[in-house]
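Engineer: So here's data_36.csv (CSV, C-alpha atoms).
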chain,number,residue,atom,x,y,z
A,1,MET,CA,12.6,-14.9,12.9
A,2,GLU,CA,10.8,-17.8,14.6
A,3,THR,CA,9.9,-20.7,12.5
A,4,GLU,CA,6.7,-21.8,14.2
A,5,HIS,CA,3.6,-21.2,12.2
A,6,SER,CA,0.6,-19.5,13.5
A,7,PRO,CA,-2.7,-20.8,12.3
A,8,LYS,CA,-4.4,-18.7,9.6
A,9,PRO,CA,-7.5,-17.1,11.0
A,10,SER,CA,-10.8,-17.8,9.4
A,11,VAL,CA,-12.0,-15.0,7.1
A,12,ASN,CA,-13.7,-12.3,9.1
A,13,LYS,CA,-15.8,-10.7,6.4
A,14,PRO,CA,-16.7,-7.4,8.3
A,15,LEU,CA,-13.0,-6.9,9.2
A,16,LEU,CA,-12.0,-7.7,5.6
A,17,ILE,CA,-14.5,-5.2,4.2
A,18,SER,CA,-13.4,-2.6,6.7
A,19,ASN,CA,-9.8,-3.0,5.6
A,20,CYS,CA,-10.8,-2.8,2.0
A,21,ILE,CA,-12.5,0.5,2.7
A,22,LEU,CA,-9.4,1.8,4.4
A,23,LEU,CA,-7.3,0.6,1.5
A,24,ALA,CA,-9.6,2.4,-1.0
A,25,ILE,CA,-9.5,5.7,1.0
A,26,GLY,CA,-5.7,5.6,1.2
A,27,ASN,CA,-5.0,4.3,-2.3
A,28,CYS,CA,-7.3,7.0,-3.9
A,29,GLY,CA,-6.6,10.0,-1.6
A,30,GLY,CA,-2.9,9.5,-0.9
A,31,PRO,CA,-1.6,10.1,-4.5
A,32,LEU,CA,-4.0,13.1,-4.9
A,33,LEU,CA,-2.9,14.8,-1.7
A,34,THR,CA,0.8,14.1,-2.5
A,35,ARG,CA,0.5,15.6,-5.9
A,36,LEU,CA,-1.5,18.6,-4.5
A,37,TYR,CA,1.5,19.4,-2.3
A,38,PHE,CA,3.8,19.4,-5.3
A,39,ILE,CA,1.7,21.3,-7.8
A,40,HIS,CA,1.1,24.2,-5.4
A,41,GLY,CA,4.7,24.9,-4.5
A,42,GLY,CA,5.8,22.1,-2.3
A,43,ASN,CA,9.2,20.7,-3.5
A,44,ARG,CA,10.7,18.8,-0.5
A,45,ILE,CA,10.9,15.1,-1.6
A,46,TRP,CA,12.1,13.8,1.8
A,47,PHE,CA,9.3,15.8,3.6
A,48,SER,CA,6.7,14.3,1.3
A,49,SER,CA,8.2,10.8,2.0
A,50,PHE,CA,8.1,11.6,5.7
A,51,LEU,CA,4.3,12.4,5.5
A,52,GLU,CA,3.5,9.0,4.0
A,53,THR,CA,4.2,7.3,7.4
A,54,ALA,CA,4.4,10.1,10.0
A,55,GLY,CA,0.7,9.7,10.9
A,56,PHE,CA,1.4,6.4,12.8
A,57,PRO,CA,0.7,7.9,16.3
A,58,ILE,CA,-3.1,7.8,15.4
A,59,PHE,CA,-2.9,4.1,16.2
A,60,LEU,CA,-2.2,4.8,19.8
A,61,LEU,CA,-5.9,5.6,20.2
A,62,PRO,CA,-7.3,2.2,19.1
A,63,LEU,CA,-4.4,0.4,20.8
A,64,THR,CA,-5.1,2.2,24.1
A,65,ILE,CA,-8.8,1.3,23.8
A,66,SER,CA,-7.9,-2.3,23.1
A,67,TYR,CA,-5.5,-2.3,26.1
A,68,PHE,CA,-8.1,-1.1,28.6
A,69,HIS,CA,-10.6,-3.6,27.2
A,70,ARG,CA,-8.1,-6.5,27.7
A,71,ARG,CA,-7.2,-5.2,31.1
A,72,SER,CA,-10.8,-5.4,32.3
A,73,ASN,CA,-10.6,-9.2,31.7
A,74,THR,CA,-6.8,-9.8,32.3
A,75,PRO,CA,-5.3,-7.2,34.7
A,76,THR,CA,-1.7,-8.4,34.0
A,77,THR,CA,-2.0,-7.9,30.2
A,78,LYS,CA,0.7,-5.7,28.5
A,79,PHE,CA,0.1,-2.6,26.4
A,80,PHE,CA,2.2,-4.0,23.5
A,81,LEU,CA,1.8,-7.7,22.7
A,82,MET,CA,4.6,-7.9,20.2
A,83,LYS,CA,7.6,-10.1,20.9
A,84,ARG,CA,11.1,-9.0,20.3
A,85,SER,CA,11.7,-11.1,17.1
A,86,LEU,CA,8.5,-9.7,15.5
A,87,PHE,CA,9.6,-6.2,16.5
A,88,ILE,CA,12.9,-6.5,14.8
A,89,VAL,CA,11.4,-7.8,11.6
A,90,SER,CA,8.8,-5.1,11.6
A,91,ALA,CA,11.5,-2.5,12.1
A,92,LEU,CA,13.5,-3.8,9.1
A,93,ILE,CA,10.4,-3.8,7.0
A,94,GLY,CA,9.8,-0.2,8.1
A,95,LEU,CA,13.2,0.8,6.8
A,96,VAL,CA,12.4,-0.7,3.5
A,97,THR,CA,9.1,1.1,3.5
A,98,GLY,CA,10.9,4.3,4.1
A,99,LEU,CA,12.9,3.8,1.0
A,100,VAL,CA,9.7,2.9,-0.9
A,101,ASP,CA,8.2,6.2,0.3
A,102,TYR,CA,11.2,8.2,-1.0
A,103,LEU,CA,11.1,6.5,-4.4
A,104,TYR,CA,7.3,7.0,-4.7
A,105,ALA,CA,7.4,10.6,-3.6
A,106,SER,CA,10.2,11.3,-6.1
A,107,GLY,CA,8.2,9.7,-8.9
A,108,VAL,CA,5.0,11.5,-8.1
A,109,ALA,CA,6.8,14.8,-8.0
A,110,ARG,CA,7.7,14.3,-11.7
A,111,LEU,CA,4.6,12.5,-13.0
A,112,PRO,CA,0.9,13.2,-13.3
A,113,VAL,CA,-1.2,11.3,-10.8
A,114,SER,CA,-2.9,9.3,-13.4
A,115,THR,CA,0.4,8.1,-14.9
A,116,ALA,CA,1.9,7.3,-11.5
A,117,SER,CA,-1.2,5.4,-10.4
A,118,LEU,CA,-1.1,3.2,-13.5
A,119,ILE,CA,2.5,2.4,-13.1
A,120,ILE,CA,1.6,1.1,-9.6
A,121,ALA,CA,-0.3,-1.6,-11.5
A,122,SER,CA,3.0,-3.4,-12.0
A,123,ARG,CA,3.0,-4.0,-8.2
A,124,LEU,CA,0.7,-6.9,-8.8
A,125,ALA,CA,3.3,-8.7,-11.0
A,126,PHE,CA,6.0,-8.2,-8.4
A,127,THR,CA,3.7,-9.3,-5.6
A,128,ALA,CA,2.6,-12.4,-7.5
A,129,GLY,CA,6.3,-13.4,-8.2
A,130,PHE,CA,7.4,-12.9,-4.6
A,131,ALA,CA,4.2,-14.5,-3.2
A,132,PHE,CA,5.1,-17.6,-5.3
A,133,LEU,CA,8.6,-17.6,-3.9
A,134,LEU,CA,7.9,-16.7,-0.3
A,135,VAL,CA,4.4,-18.1,0.6
A,136,LYS,CA,4.0,-20.7,-2.2
A,137,GLN,CA,1.0,-18.9,-3.7
A,138,ARG,CA,-0.8,-21.2,-6.1
A,139,PHE,CA,-1.7,-19.8,-9.6
A,140,ASP,CA,-4.2,-21.0,-12.1
A,141,PHE,CA,-4.8,-19.8,-15.7
A,142,TYR,CA,-7.0,-16.9,-14.5
A,143,SER,CA,-4.5,-15.5,-11.9
A,144,ILE,CA,-1.6,-15.8,-14.4
A,145,ASN,CA,-3.7,-14.0,-17.0
A,146,THR,CA,-4.4,-11.2,-14.5
A,147,VAL,CA,-0.7,-10.7,-13.7
A,148,VAL,CA,0.2,-10.6,-17.4
A,149,LEU,CA,-2.6,-8.2,-18.4
A,150,LEU,CA,-1.9,-5.8,-15.5
A,151,THR,CA,1.8,-5.8,-16.2
A,152,LEU,CA,1.2,-5.1,-19.9
A,153,GLY,CA,-1.2,-2.3,-18.9
A,154,ALA,CA,1.6,-0.6,-16.9
A,155,GLY,CA,4.2,-1.2,-19.7
A,156,VAL,CA,2.0,0.6,-22.2
A,157,LEU,CA,2.6,3.9,-20.3
A,158,GLY,CA,6.3,3.9,-21.3
A,159,MET,CA,5.3,4.8,-24.8
A,160,GLN,CA,3.9,8.3,-24.0
A,161,THR,CA,6.9,10.2,-22.5
A,162,SER,CA,6.8,12.9,-25.2
A,163,ARG,CA,3.1,13.8,-24.7
A,164,ASP,CA,2.4,13.3,-21.0
A,165,ARG,CA,5.1,15.3,-19.4
A,166,PRO,CA,4.1,18.2,-17.1
A,167,VAL,CA,4.8,21.6,-18.5
A,168,GLY,CA,8.4,22.7,-18.1
A,169,GLU,CA,9.7,19.2,-17.2
A,170,SER,CA,12.4,17.5,-19.3
A,171,GLU,CA,12.1,14.1,-20.8
A,172,ARG,CA,15.0,12.9,-18.6
A,173,GLU,CA,13.1,14.0,-15.4
A,174,TYR,CA,9.9,12.3,-16.7
A,175,ILE,CA,11.8,9.0,-17.4
A,176,LEU,CA,13.5,9.2,-14.0
A,177,GLY,CA,10.1,9.7,-12.3
A,178,PHE,CA,8.8,6.7,-14.2
A,179,LEU,CA,11.7,4.5,-13.2
A,180,MET,CA,11.6,5.6,-9.5
A,181,THR,CA,7.9,4.9,-9.3
A,182,LEU,CA,8.4,1.5,-10.9
A,183,MET,CA,11.2,0.7,-8.3
A,184,ALA,CA,8.9,1.7,-5.5
A,185,SER,CA,6.2,-0.6,-6.9
A,186,GLY,CA,8.7,-3.5,-7.1
A,187,LEU,CA,9.9,-3.0,-3.5
A,188,TYR,CA,6.4,-2.8,-2.1
A,189,GLY,CA,5.5,-5.8,-4.2
A,190,PHE,CA,8.1,-7.6,-2.1
A,191,VAL,CA,6.9,-6.1,1.2
A,192,LEU,CA,3.3,-7.4,0.8
A,193,PRO,CA,4.0,-11.1,0.5
A,194,PHE,CA,6.8,-10.8,3.0
A,195,MET,CA,4.3,-9.5,5.5
A,196,GLU,CA,2.1,-12.6,4.8
A,197,LEU,CA,5.2,-14.7,5.5
A,198,VAL,CA,5.7,-12.9,8.8
A,199,TYR,CA,2.2,-13.6,9.8
A,200,LYS,CA,2.7,-17.3,9.1
A,201,LYS,CA,6.0,-17.6,10.9
A,202,ALA,CA,5.4,-15.5,14.0
A,203,LYS,CA,5.7,-17.5,17.2
A,204,GLN,CA,2.6,-15.9,18.7
A,205,LYS,CA,-1.1,-15.8,17.8
A,206,MET,CA,-1.8,-13.2,15.2
A,207,THR,CA,-4.6,-10.8,16.1
A,208,TYR,CA,-5.7,-7.6,14.6
A,209,ASN,CA,-4.4,-5.8,17.6
A,210,LEU,CA,-1.0,-7.2,16.8
A,211,VAL,CA,-1.4,-6.2,13.2
A,212,MET,CA,-1.9,-2.6,14.3
A,213,GLU,CA,1.3,-2.8,16.4
A,214,ILE,CA,3.2,-4.1,13.4
A,215,GLN,CA,1.8,-1.2,11.4
A,216,MET,CA,2.9,1.3,14.0
A,217,VAL,CA,6.4,-0.1,14.3
A,218,MET,CA,6.9,-0.2,10.5
A,219,CYS,CA,5.8,3.4,10.1
A,220,LEU,CA,7.9,4.5,13.1
A,221,PHE,CA,11.1,3.2,11.5
A,222,ALA,CA,10.0,4.4,8.0
A,223,THR,CA,9.5,7.8,9.5
A,224,ILE,CA,12.9,7.7,11.2
A,225,PHE,CA,14.5,6.8,7.8
A,226,CYS,CA,12.9,9.7,6.1
A,227,SER,CA,13.6,12.1,9.0
A,228,ILE,CA,17.4,11.4,8.6
A,229,GLY,CA,16.9,12.3,4.9
A,230,MET,CA,15.2,15.5,5.9
A,231,ILE,CA,18.0,16.4,8.3
A,232,VAL,CA,20.6,15.9,5.7
A,233,ASN,CA,18.6,17.9,3.1
A,234,ASN,CA,17.8,20.7,5.6
A,235,ASP,CA,14.0,20.2,5.1
A,236,PHE,CA,13.1,21.0,8.7
A,237,LYS,CA,14.6,24.4,8.4
A,238,VAL,CA,12.5,25.5,5.3
A,239,ILE,CA,9.0,24.0,6.2
A,240,HIS,CA,7.8,27.3,7.6
A,241,ARG,CA,9.0,29.3,4.6
A,242,GLU,CA,7.5,26.7,2.3
A,243,ALA,CA,4.2,27.0,4.1
A,244,ARG,CA,4.2,30.8,3.7
A,245,GLU,CA,4.8,30.5,0.0
A,246,PHE,CA,2.3,27.7,-0.6
A,247,GLY,CA,0.0,28.4,-3.5
A,248,LEU,CA,-3.2,27.7,-1.5
A,249,GLY,CA,-2.1,29.6,1.6
A,250,GLU,CA,-0.3,28.8,4.8
A,251,THR,CA,-3.3,27.4,6.7
A,252,LYS,CA,-4.2,25.1,3.8
A,253,TYR,CA,-0.6,24.0,3.6
A,254,TYR,CA,-0.8,22.5,7.1
A,255,VAL,CA,-4.2,21.1,6.4
A,256,VAL,CA,-2.8,19.3,3.3
A,257,VAL,CA,0.2,18.1,5.4
A,258,ALA,CA,-2.0,16.7,8.2
A,259,LEU,CA,-4.5,15.0,5.8
A,260,THR,CA,-1.7,13.5,3.8
A,261,GLY,CA,-0.3,11.8,6.9
A,262,ILE,CA,-3.7,10.4,8.0
A,263,ILE,CA,-4.9,9.3,4.6
A,264,TRP,CA,-1.6,7.4,3.9
A,265,GLN,CA,-2.1,5.5,7.2
A,266,CYS,CA,-5.4,4.3,5.8
A,267,PHE,CA,-3.6,2.9,2.8
A,268,PHE,CA,-0.9,1.0,4.8
A,269,MET,CA,-3.3,-0.3,7.5
A,270,GLY,CA,-5.7,-1.4,4.8
A,271,ALA,CA,-3.0,-3.2,2.8
A,272,ILE,CA,-1.6,-5.2,5.7
A,273,GLY,CA,-5.1,-5.7,7.1
A,274,VAL,CA,-6.3,-7.3,3.9
A,275,ILE,CA,-3.2,-9.6,4.0
A,276,PHE,CA,-4.2,-10.6,7.6
A,277,CYS,CA,-7.7,-11.4,6.6
A,278,SER,CA,-6.9,-13.0,3.2
A,279,SER,CA,-3.7,-12.8,1.2
A,280,SER,CA,-1.0,-10.5,-0.2
A,281,LEU,CA,-2.2,-11.2,-3.7
A,282,LEU,CA,-5.7,-10.0,-2.9
A,283,SER,CA,-4.2,-6.8,-1.3
A,284,ALA,CA,-2.2,-6.1,-4.5
A,285,ILE,CA,-5.2,-6.8,-6.7
A,286,LEU,CA,-7.4,-4.4,-4.8
A,287,ILE,CA,-4.7,-1.7,-5.1
A,288,THR,CA,-4.8,-2.2,-8.8
A,289,VAL,CA,-8.6,-2.3,-9.0
A,290,LEU,CA,-8.8,1.1,-7.4
A,291,LEU,CA,-6.7,2.8,-10.0
A,292,PRO,CA,-9.6,4.4,-12.0
A,293,VAL,CA,-10.6,6.6,-9.0
A,294,PRO,CA,-7.5,8.8,-8.6
A,295,GLN,CA,-7.1,8.9,-12.4
A,296,VAL,CA,-10.6,10.3,-12.9
A,297,LEU,CA,-10.2,12.7,-9.9
A,298,ALA,CA,-6.9,13.9,-11.2
A,299,VAL,CA,-8.4,14.7,-14.6
A,300,ILE,CA,-11.3,16.6,-13.0
A,301,PHE,CA,-9.4,18.6,-10.3
A,302,TYR,CA,-5.9,18.9,-11.7
A,303,ASN,CA,-6.8,19.2,-15.4
A,304,GLU,CA,-4.4,16.4,-16.3
A,305,ASN,CA,-4.6,14.8,-19.8
A,306,PHE,CA,-5.9,11.3,-20.2
A,307,GLU,CA,-4.0,10.0,-23.3
A,308,ALA,CA,-5.2,7.1,-25.4
A,309,THR,CA,-2.4,5.0,-23.9
A,310,LYS,CA,-3.8,5.5,-20.5
A,311,GLY,CA,-7.2,4.3,-21.8
A,312,VAL,CA,-5.6,1.2,-23.2
A,313,SER,CA,-3.7,0.6,-19.9
A,314,HIS,CA,-6.9,1.1,-17.9
A,315,ALA,CA,-8.8,-1.4,-20.2
A,316,LEU,CA,-6.1,-4.0,-19.7
A,317,SER,CA,-6.2,-3.4,-15.9
A,318,LEU,CA,-10.0,-3.9,-15.8
A,319,TRP,CA,-9.7,-7.0,-18.0
A,320,GLY,CA,-7.2,-8.5,-15.6
A,321,PHE,CA,-9.4,-7.7,-12.6
A,322,ILE,CA,-12.4,-9.4,-14.2
A,323,SER,CA,-10.2,-12.4,-15.1
A,324,TYR,CA,-9.0,-12.8,-11.5
A,325,PHE,CA,-12.4,-12.7,-9.8
A,326,TYR,CA,-14.0,-14.9,-12.5
A,327,GLY,CA,-11.3,-17.5,-11.7
A,328,GLU,CA,-11.8,-17.1,-8.0
A,329,ARG,CA,-15.6,-17.5,-8.4
A,330,LYS,CA,-15.1,-20.6,-10.6
A,331,LYS,CA,-12.7,-22.1,-8.0
A,332,SER,CA,-15.1,-21.5,-5.2
A,333,LYS,CA,-18.0,-23.2,-7.1
A,334,ASN,CA,-15.8,-26.2,-7.9
A,335,LEU,CA,-14.9,-26.4,-4.2
A,336,GLU,CA,-18.5,-26.3,-3.1
A,337,ILE,CA,-19.4,-29.1,-5.6
A,338,ALA,CA,-16.5,-31.2,-4.3
A,339,ASN,CA,-17.5,-30.7,-0.7
A,340,THR,CA,-21.2,-31.6,-1.5
A,341,ARG,CA,-20.1,-34.8,-3.2
A,342,ASN,CA,-17.9,-35.8,-0.2
A,343,ARG,CA,-20.9,-35.3,2.1
A,344,ILE,CA,-23.1,-37.7,0.1
A,345,PRO,CA,-22.8,-41.2,1.6
A,346,SER,CA,-21.8,-44.0,-0.7
A,347,THR,CA,-24.6,-46.5,-1.6
A,348,SER,CA,-22.3,-49.3,-2.7
Would you mind writing the file out in structure tokens?

Structural biologist:
Amino acid sequence: METEHSPKPSVNKPLLISNCILLAIGNCGGPLLTRLYFIHGGNRIWFSSFLETAGFPIFLLPLTISYFHRRSNTPTTKFFLMKRSLFIVSALIGLVTGLVDYLYASGVARLPVSTASLIIASRLAFTAGFAFLLVKQRFDFYSINTVVLLTLGAGVLGMQTSRDRPVGESEREYILGFLMTLMASGLYGFVLPFMELVYKKAKQKMTYNLVMEIQMVMCLFATIFCSIGMIVNNDFKVIHREAREFGLGETKYYVVVALTGIIWQCFFMGAIGVIFCSSSLLSAILITVLLPVPQVLAVIFYNENFEATKGVSHALSLWGFISYFYGERKKSKNLEIANTRNRIPSTS
């Protein structure tokens, strides 16, 4: 990894908003589609993990458009702008992401969507800790309060194992799902600030085009990781049989599979896009803020229970979200006041 810092780009609000929308689509739709696969007869953990990153070829379209646009101005431009060192780091992150995919799919297979989504709230605590260590993220009272509240909100869920288990699932399987989802949350909590560090240390100018290349390489190697697991587990041999036996029908099986791959790409692209435009901490906070949507949709479409502990966890999450943005707003106002005072000439 090169040590030269690339300057942090100024905030591009339309680009930031666009990535927030992508993140919202992926964060809300991904868990619902993954759970839909399992509740209607899908039972291949490695295949479900594979689907979370297998949609990466869709980035060839915007990259191709970008290439021809650059070529009209610079005929000698290359299709891929990524340097070797950045490629290697992106590939390694992709392998870690593949492991995260497996852990997450294993957890979702054993947990209701609403419970799995709330456990992911702990990702903010992991992200905050790694952001402090890796990118020297500064914290004030409000950001610390946010991390504490969201972590407590996720921890509250551990008290409901006897009431929230899906029908026919043992307590051991439920706890295993809980722990695997928590491990996935912790690992991805490391990936987010590490990506911010990569942006800062890359020895080339970071552009959104390069961010898309990083995303594609990461997902390529995550997909290779999961493909190896599928080969060992003989998943490729049973996909057609699983499609025929799928509860919603064979055609809808392939529709669910295709949509799952596309929607999860929205999540990953939105997450690293927000990091590019702002910070890993904001990316993790947005993931946490979006928790109510899959919870409500899971209760409506999948008839999942919404226990009192989930309500408490949700309230703590909202409290943490309000605390963070109140602190950011207060910090912004204080900065504006300080800048105004600095611009006033001294009369002495």

Engineer: With distances taken over only C-alpha atoms, which residue among A:Val89, A:Ile262, A:Leu297, A:Ala109 lies nearest Gly30 of chain A?

Structural biologist: A:Ile262

Engineer: So, counting all atoms listed in the file, which residue among A:Phe325, A:Phe79, A:Ser90, A:Lys237 is closest to Pro62 of chain A?

Structural biologist: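 Using all atoms listed in the file, Pro62 of chain A sits closest to A:Phe79.
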
Engineer: I need the residue nearest Val296 of chain A from this list: A:Phe221, A:Ser279, A:Asp140, A:Gly311. Use all atoms listed in the file for the distance.

Structural biologist: A:Gly311

Engineer: For Ala125 of chain A, work out the shell of residues within 12 Å, counting all atoms listed in the file and skipping chain neighbours fewer than 4 positions away, then give it as a PyMOL selection string.

Structural biologist: chain A and resi 119-121+129-132+143-155+182+185-190+192-193+280-281+284-285+288+317+320

Engineer: Using all atoms listed in the file, pick whichever of A:Val312, A:Met218, A:Met230, A:Leu124 has the shortest atom-to-atom distance to Tyr324 of chain A.

Structural biologist: A:Leu124

Engineer: What would the list of residues within 12 Å of (2.6, -5.5, 17.8) (file frame) look like as an MDAnalysis selection string, if all atoms listed in the file are what count?

Structural biologist: chainID A and resid 59:60 63 78:91 199 202 204:218

Engineer: Any idea what the distance is between atom CA of Leu179 of chain A and atom CA of Pro112 of chain A?

Structural biologist: 13.9 Å

Engineer: What is the distance, in Å and to one decimal place, between atom CA of Ile228 of chain A and atom CA of Glu196 of chain A?

Structural biologist: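 Going from atom CA of Ile228 of chain A over to atom CA of Glu196 of chain A, I get 28.7 Å.
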
Engineer: Atom CA of Leu133 of chain A and atom CA of Ala184 of chain A, how far apart in Å?

Structural biologist: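 Separation of atom CA of Ala184 of chain A and atom CA of Leu133 of chain A: 19.4 Å.
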
Engineer: Would you list the residues near (-11.1, 7.6, -0.8) (no more than 10 Å away, in the coordinates of the file, using all atoms listed in the file) as a ChimeraX atom specification?

Structural biologist: /A:21-30,32,263,266-267,290,293-294

Engineer: Can we get segment 184-196 of chain A of that structure written down with C-alpha atoms, as a compact mmCIF listing (two decimals), in the first residue's frame?

Structural biologist:
# COMPACT_ATOMS: atom_id res chain seq x y z
CA ALA A 184 -20.50 -10.25 10.12
CA SER A 185 -21.36 -6.87 11.58
CA GLY A 186 -17.99 -6.61 13.30
CA LEU A 187 -15.99 -7.56 10.21
CA TYR A 188 -17.86 -5.14 7.99
CA GLY A 189 -17.42 -2.54 10.70
CA PHE A 190 -13.69 -2.95 10.01
CA VAL A 191 -14.08 -2.87 6.21
CA LEU A 192 -15.82 0.54 6.16
CA PRO A 193 -13.08 2.61 7.87
CA PHE A 194 -10.40 0.56 6.14
CA MET A 195 -11.89 1.67 2.82
CA GLU A 196 -11.66 5.27 4.02
